[in-house]
Amino acid sequence: MRWVSLLTTAVLCSACSSLPSKQDLAAFGDASSKGVAVVTQVVASGETLRTRQDELRQVSKYMRGARFAAESIPILPDPSQAVIDAQLKIRLSALSDLQAYAKAVGDAADQGAIDGLIAATEKLGSNIGELAKLAAPEIAPVAAPAFKALGKAVGYGLADGYVRKVNAVIKEADLIVAEVIRLLRQDLAELPPDIDIEAGTYAALRDEQLHIIRSDSRVTRSDLYGAYFSARTDIAANYELAKAATAIDGVLKSIADTHHALAQGKPDVDLTIKRMSALSTDLAAVIAALRKG
């Protein structure tokens, strides 16, 4: 009887461990949402660097007495830039929906928020087709519709507890989260070297600006000293951003791995969440420091 009792307890505990706790849901939602936010900042930084390059070009023309533009409006539409803008929009949209899903998981810790979780999952799945096109433009993705919708029956078909309903949706969503993050990681693999190239272009423009400043006889040595170290700090921050961008792959992978652990009811999911949170926090701290200069 004692062995039967122990076996029964073990089975019951095993069943319990397969369900996420309210704390796990909330912690995952918070940590992964922050992680996606910092990845989004890095993704947008390449576009910011290009904008700052244009500003440097115009101010250098202004300082030389040449024709300049006081606003960044292209005279002729640039087809290549239109493609870049469209791709950036797709990436940012997918990241935004991933962040909304993460928040919905956290919100689902409170009774009655399952509708929001299902809606966020469906929205996240709708990104798969566009992300797949970025990864392989020559292939029309045929798998996207299969990921798109979760029937509400998945959430409401179980009558043995709210947490089981939430868990059912998370398990069903795991494939969607994994696919979205796989495509994002594939698409963003070239982001760090791209930022490094943009940083190099920016550095060359800053160097040109320093020469213009030095050619003005009215500029004092103190002014030159300040201009030089300001440029040096600015340039270094951009290169550091390119280095920091290499961490986004790890952050995205960590979100996918942690979500899978949550969906599978891994016993050490709380530790996995803490590791993911630490990765996101570290990258966020680096980005914040670089912004302060």
# chains A, B, ... in the order shown; residues from 1 in each chain; ligands from 1

$ closest_atom_pairs --of "range 11-71 of chain A" --to "range 209-228 of chain A" --cutoff "10 Å" --atoms "only C-alpha atoms" --output "CSV"
residue,atom,partner,partner_atom,distance
A:Leu56,CA,A:Gln209,CA,7.7
A:Arg57,CA,A:Gln209,CA,8.6
A:Val59,CA,A:Gln209,CA,8.4
A:Ser60,CA,A:Gln209,CA,5.9
A:Lys61,CA,A:Gln209,CA,9.4
A:Met63,CA,A:Ile212,CA,7.3
A:Arg64,CA,A:Ile212,CA,7.2

$ atom_distance --atom1 "CA of His259 in chain A" --atom2 "CA of Tyr101 in chain A"
11.1 Å

$ residues_around --residues "range 235-249 of chain A" --least-positions-apart "5" --cutoff "6 Å" --atoms "only C-alpha atoms" --output "list in words"
Val39, Arg185, Pro192, Ile195, Asp196, Ala199, Ala203 and Leu290 of chain A

$ residues_around --residues "Val105 in chain A" --least-positions-apart "3" --cutoff "10 Å" --atoms "only C-alpha atoms" --output "PyMOL selection string"
chain A and resi 22+24-30+32-33+99-102+108-110+113-114+116-118+120-121+166-167+169-170+259

$ write_last_selection --atoms "N, CA, C and O atoms" --output "compact mmCIF listing (two decimals), in the first residue's frame"
# COMPACT_ATOMS: atom_id res chain seq x y z
N LYS A 22 1.01 30.39 -11.94
CA LYS A 22 0.69 31.80 -12.16
C LYS A 22 1.97 32.64 -12.18
O LYS A 22 2.12 33.54 -13.00
N ASP A 24 5.01 31.57 -12.99
CA ASP A 24 5.76 31.28 -14.21
C ASP A 24 5.21 32.07 -15.40
O ASP A 24 5.97 32.64 -16.19
N LEU A 25 3.89 32.10 -15.52
CA LEU A 25 3.26 32.83 -16.62
C LEU A 25 3.61 34.31 -16.56
O LEU A 25 3.99 34.93 -17.56
N ALA A 26 3.47 34.88 -15.37
CA ALA A 26 3.75 36.31 -15.20
C ALA A 26 5.21 36.62 -15.45
O ALA A 26 5.56 37.61 -16.11
N ALA A 27 6.11 35.76 -14.93
CA ALA A 27 7.56 35.99 -15.08
C ALA A 27 7.98 35.85 -16.54
O ALA A 27 8.78 36.64 -17.05
N PHE A 28 7.42 34.84 -17.24
CA PHE A 28 7.74 34.68 -18.65
C PHE A 28 7.26 35.89 -19.45
O PHE A 28 7.99 36.43 -20.29
N GLY A 29 6.03 36.31 -19.19
CA GLY A 29 5.47 37.46 -19.90
C GLY A 29 6.30 38.71 -19.73
O GLY A 29 6.61 39.42 -20.69
N ASP A 30 6.74 38.97 -18.51
CA ASP A 30 7.53 40.16 -18.22
C ASP A 30 8.91 40.08 -18.85
O ASP A 30 9.35 41.01 -19.55
N SER A 32 10.20 38.04 -21.27
CA SER A 32 10.26 37.94 -22.73
C SER A 32 9.80 39.22 -23.40
O SER A 32 10.33 39.61 -24.45
N SER A 33 8.85 39.92 -22.79
CA SER A 33 8.40 41.20 -23.35
C SER A 33 9.55 42.21 -23.34
O SER A 33 9.77 42.94 -24.31
N GLN A 99 5.99 40.54 -28.88
CA GLN A 99 5.94 41.20 -27.58
C GLN A 99 4.51 41.19 -27.02
O GLN A 99 4.29 40.95 -25.83
N ALA A 100 3.53 41.41 -27.89
CA ALA A 100 2.12 41.38 -27.46
C ALA A 100 1.74 39.99 -26.98
O ALA A 100 1.00 39.84 -26.00
N TYR A 101 2.25 38.97 -27.67
CA TYR A 101 1.96 37.59 -27.24
C TYR A 101 2.58 37.33 -25.87
O TYR A 101 1.94 36.75 -24.99
N ALA A 102 3.84 37.76 -25.68
CA ALA A 102 4.50 37.56 -24.39
C ALA A 102 3.72 38.23 -23.26
O ALA A 102 3.54 37.66 -22.18
N ALA A 108 -2.40 36.22 -18.79
CA ALA A 108 -3.22 35.02 -18.63
C ALA A 108 -3.07 34.41 -17.24
O ALA A 108 -3.82 33.51 -16.87
N ALA A 109 -2.10 34.91 -16.49
CA ALA A 109 -1.96 34.45 -15.10
C ALA A 109 -3.18 34.86 -14.29
O ALA A 109 -3.48 34.27 -13.26
N ASP A 110 -3.88 35.89 -14.75
CA ASP A 110 -5.10 36.33 -14.07
C ASP A 110 -6.31 35.69 -14.74
O ASP A 110 -6.43 35.68 -15.96
N ALA A 113 -8.34 35.98 -18.77
CA ALA A 113 -7.62 36.70 -19.82
C ALA A 113 -7.26 35.79 -20.99
O ALA A 113 -6.42 36.14 -21.80
N ILE A 114 -7.90 34.65 -21.10
CA ILE A 114 -7.51 33.69 -22.13
C ILE A 114 -7.86 34.15 -23.55
O ILE A 114 -7.17 33.83 -24.51
N GLY A 116 -7.55 37.10 -24.79
CA GLY A 116 -6.43 37.92 -25.26
C GLY A 116 -5.25 37.07 -25.69
O GLY A 116 -4.55 37.40 -26.65
N LEU A 117 -5.01 35.99 -24.97
CA LEU A 117 -3.91 35.09 -25.31
C LEU A 117 -4.15 34.41 -26.65
O LEU A 117 -3.25 34.33 -27.49
N ILE A 118 -5.36 33.95 -26.87
CA ILE A 118 -5.70 33.30 -28.14
C ILE A 118 -5.57 34.29 -29.30
O ILE A 118 -5.00 33.99 -30.34
N ALA A 120 -3.74 37.00 -29.43
CA ALA A 120 -2.32 37.35 -29.62
C ALA A 120 -1.60 36.23 -30.36
O ALA A 120 -0.71 36.48 -31.18
N THR A 121 -1.97 34.98 -30.09
CA THR A 121 -1.35 33.84 -30.76
C THR A 121 -1.69 33.85 -32.25
O THR A 121 -0.82 33.65 -33.11
N VAL A 166 -5.26 27.60 -20.27
CA VAL A 166 -4.12 28.44 -20.63
C VAL A 166 -2.98 27.58 -21.15
O VAL A 166 -2.34 27.88 -22.16
N ASN A 167 -2.72 26.48 -20.45
CA ASN A 167 -1.63 25.59 -20.84
C ASN A 167 -1.86 25.00 -22.22
O ASN A 167 -0.94 24.84 -23.02
N VAL A 169 -3.45 26.39 -24.72
CA VAL A 169 -3.17 27.42 -25.73
C VAL A 169 -1.66 27.60 -25.89
O VAL A 169 -1.14 27.71 -27.00
N ILE A 170 -0.93 27.64 -24.78
CA ILE A 170 0.53 27.82 -24.84
C ILE A 170 1.18 26.66 -25.57
O ILE A 170 2.09 26.85 -26.39
N HIS A 259 9.91 29.49 -23.75
CA HIS A 259 8.50 29.23 -24.07
C HIS A 259 8.27 27.73 -24.21
O HIS A 259 7.25 27.20 -23.73

$ closest_atom_pairs --of "range 28-55 of chain A" --to "range 279-282 of chain A" --cutoff "8 Å" --atoms "only C-alpha atoms" --output "CSV"
residue,atom,partner,partner_atom,distance
A:Ala31,CA,A:Ser280,CA,7.3
A:Ser32,CA,A:Ser280,CA,7.9
A:Lys34,CA,A:Ser280,CA,6.7
A:Gly35,CA,A:Ser280,CA,4.7
A:Val38,CA,A:Ser280,CA,7.2

$ atom_distance --atom1 "CA of Tyr202 in chain A" --atom2 "CA of Ser230 in chain A"
13.5 Å

$ atom_distance --atom1 "CA of Tyr162 in chain A" --atom2 "CA of Lys103 in chain A"
17.9 Å

$ residues_around --residues "Asp187 in chain A" --least-positions-apart "2" --cutoff "9 Å" --atoms "only C-alpha atoms" --output "VMD selection string"
chain A and resid 91 131 to 132 134 to 135 182 to 185 189 to 191
